[in-house]
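Chemist: Here it is, the structure, as structure tokens.
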Amino acid sequence: MIATPLDPVIERAAAQISQSLIGAAPRAVVRSFFDAATFTASHVVHDPATRIAAIIDSVLDFDPASARTAHHSADAIVAYVRAENLDIAWLLETHAHADHFSAAPYLQERLGGKIAIGRAITTVQRTFGTLFNEPDDFARNGSQFDHLFDDGDTFMIGEVAAIVLHVPGHTPADLAYAIGDAVFPGDTIFMPDFGTARADFPGGDARQLYRSIRRLLSLPPAARLFLCHDYKAPGREAFVWETTIGAERDGNVHVHDGIGEDDFVAMRTARDATLDMPRLILPAIQVNMRGGHLPEPEANGTRYLKIPLDTV
């Protein structure tokens with residue numbers, strides 16, 4: 001079932017994707033990096049003509065047992081960018097991740113670019129700023145990011161056109177980026193054999209998630225879809241993070257064509273009730289709502305993350 005008529009933002013995104021698919025507009029090159037520790041796929045997307053690029057959903061390594069950070073995942077991206085002589089214009093976040101730290105500030109120091117996320121990050125900051133008892137001067141206006149996107153905003157990566165789609169439901173601030181014919185939906189949807197994202201985090205909403213996914217699935221079937229995570233569905237041997245809109249419409253186990261909103265909400269609500277919280281949610285949210293910046297060091301020179309007890 002496709003929502004008709006298409007909303008204007010989806011119409012523009014569909015037209016952009018179609019132009020890229022038929023060769024009437026540039027097609028982006030995508031190179032993905034998979035972090036097995038967090039099951040996260042980060043993507044470097046670039047214009048082959050100008051070599052201008054964006055990095056989407058990067059990972060800062062974090063060991064919760066030792067509370068140490070490292071840069072193995074991010075350094076692999078740095079090496080690729082330098083080897084390919086790419087010029088980083090954007091460090092794009094699809095949302096404030098609950099399962100890994102963003103490496104955007106680390107990458108910005110080495111490669112440049114603007115750190116960006118959706119404007120609804122301010123909702124996440126207000127919710128979790130209260131949970132973590134952030135001081136009064138903690139900015140809840142998204143100022144930790146260089147740029148806040150709204151639904152329908154457009155920008156360029158070299159000569160490749162990009163459009164922003166607000167797709168809330170997993171969190172209030174989720175974005176998908178359509179860049180040429182490639183779509184980066186974050187955690188909104190997974191591989192067809194695995195399904196969809198959970199919707200039980202603060203500000204999440206299963207009904208809203210369904211509508212966001214159906215909005216995405218209204219895009220041209222041949223559009224390439226580069227996912228943020230893969231968890232290897234039962235019976236599958238390899239991690240995979242690339243599919244198409246058409247494959248999701250035909251075969252997504254949670255939300256393929258013909259699945260109605262009420263049935264999806266009932267399934268998603270029941271499934272979410274069985275899931276444990278992500279093991280990194282409390283430290284990760286504190287970092288990612290700051291644009292990936294770690295808390296400032298205290299008087300002894302050490303940075304600290306808070307763990308609220310008996311609250312979540």
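FYI, nothing fancy with the structure tokens labels: chains A, B, ... in order, residues from 1 per chain, ligands from 1 as they appear.
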Would you write out, as a Markdown table, a table of all residues in segment 50-159 of chain A that have an atom no more than 10 Å from an atom of segment 189-208 of chain A, listing for each the closest atom pair and the distance in Å to one decimal, considering only C-alpha atoms and ordering rows by chain and rising residue number?
Modeler:
| residue | atom | partner | partner_atom | distance |
| --- | --- | --- | --- | --- |
| A:Ala98 | CA | A:Phe201 | CA | 9.2 |
| A:Thr123 | CA | A:Gly203 | CA | 8.2 |
| A:Val124 | CA | A:Gly203 | CA | 7.7 |
| A:Thr127 | CA | A:Pro202 | CA | 7.6 |
| A:Phe128 | CA | A:Pro202 | CA | 8.8 |
Chemist: May I have the residues within 8 Å of Asp150 of chain A as a PyMOL selection string, using only C-alpha atoms and disregarding those fewer than 2 positions away in the same chain?
Modeler: chain A and resi 118-119+148+152-153+164-166
Chemist: Between A:Asp57, A:Val240, A:Ala176, A:Ile117, single out the one closest to Arg215 of chain A, counting only C-alpha atoms.
Modeler: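 For Arg215 of chain A, the nearest of the given residues is A:Ala176.
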Chemist: What is the atom CA of Glu242 of chain A to atom CA of Tyr210 of chain A distance in Å?
Modeler: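 A separation of 20.6 Å between them.
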Chemist: Taking only residues of segment 91-122 of chain A that have an atom at most 12 Å from an atom of segment 25-43 of chain A, what is each one's shortest atom pair and its distance in Å to one decimal, using only C-alpha atoms, in chain and number order, as a Markdown table?
Modeler:
| residue | atom | partner | partner_atom | distance |
| --- | --- | --- | --- | --- |
| A:Leu91 | CA | A:His43 | CA | 10.2 |
| A:Leu92 | CA | A:His43 | CA | 9.7 |
| A:Glu93 | CA | A:Ser42 | CA | 10.0 |
| A:Thr94 | CA | A:Ser42 | CA | 10.8 |
| A:His97 | CA | A:Thr40 | CA | 10.3 |
| A:Ala98 | CA | A:Thr38 | CA | 10.3 |
| A:Asp99 | CA | A:Thr38 | CA | 6.6 |
| A:His100 | CA | A:Thr38 | CA | 6.4 |
| A:Phe101 | CA | A:Thr38 | CA | 9.6 |
| A:Ser102 | CA | A:Ser42 | CA | 10.2 |
| A:Ala103 | CA | A:Ser42 | CA | 10.4 |
| A:Ala104 | CA | A:Ser42 | CA | 11.2 |
Chemist: List every residue of segment 195-225 of chain A that DSSP, applied to the backbone, labels as helix (DSSP H, G or I), and write the result as a ChimeraX atom specification.
Modeler: /A:206-216
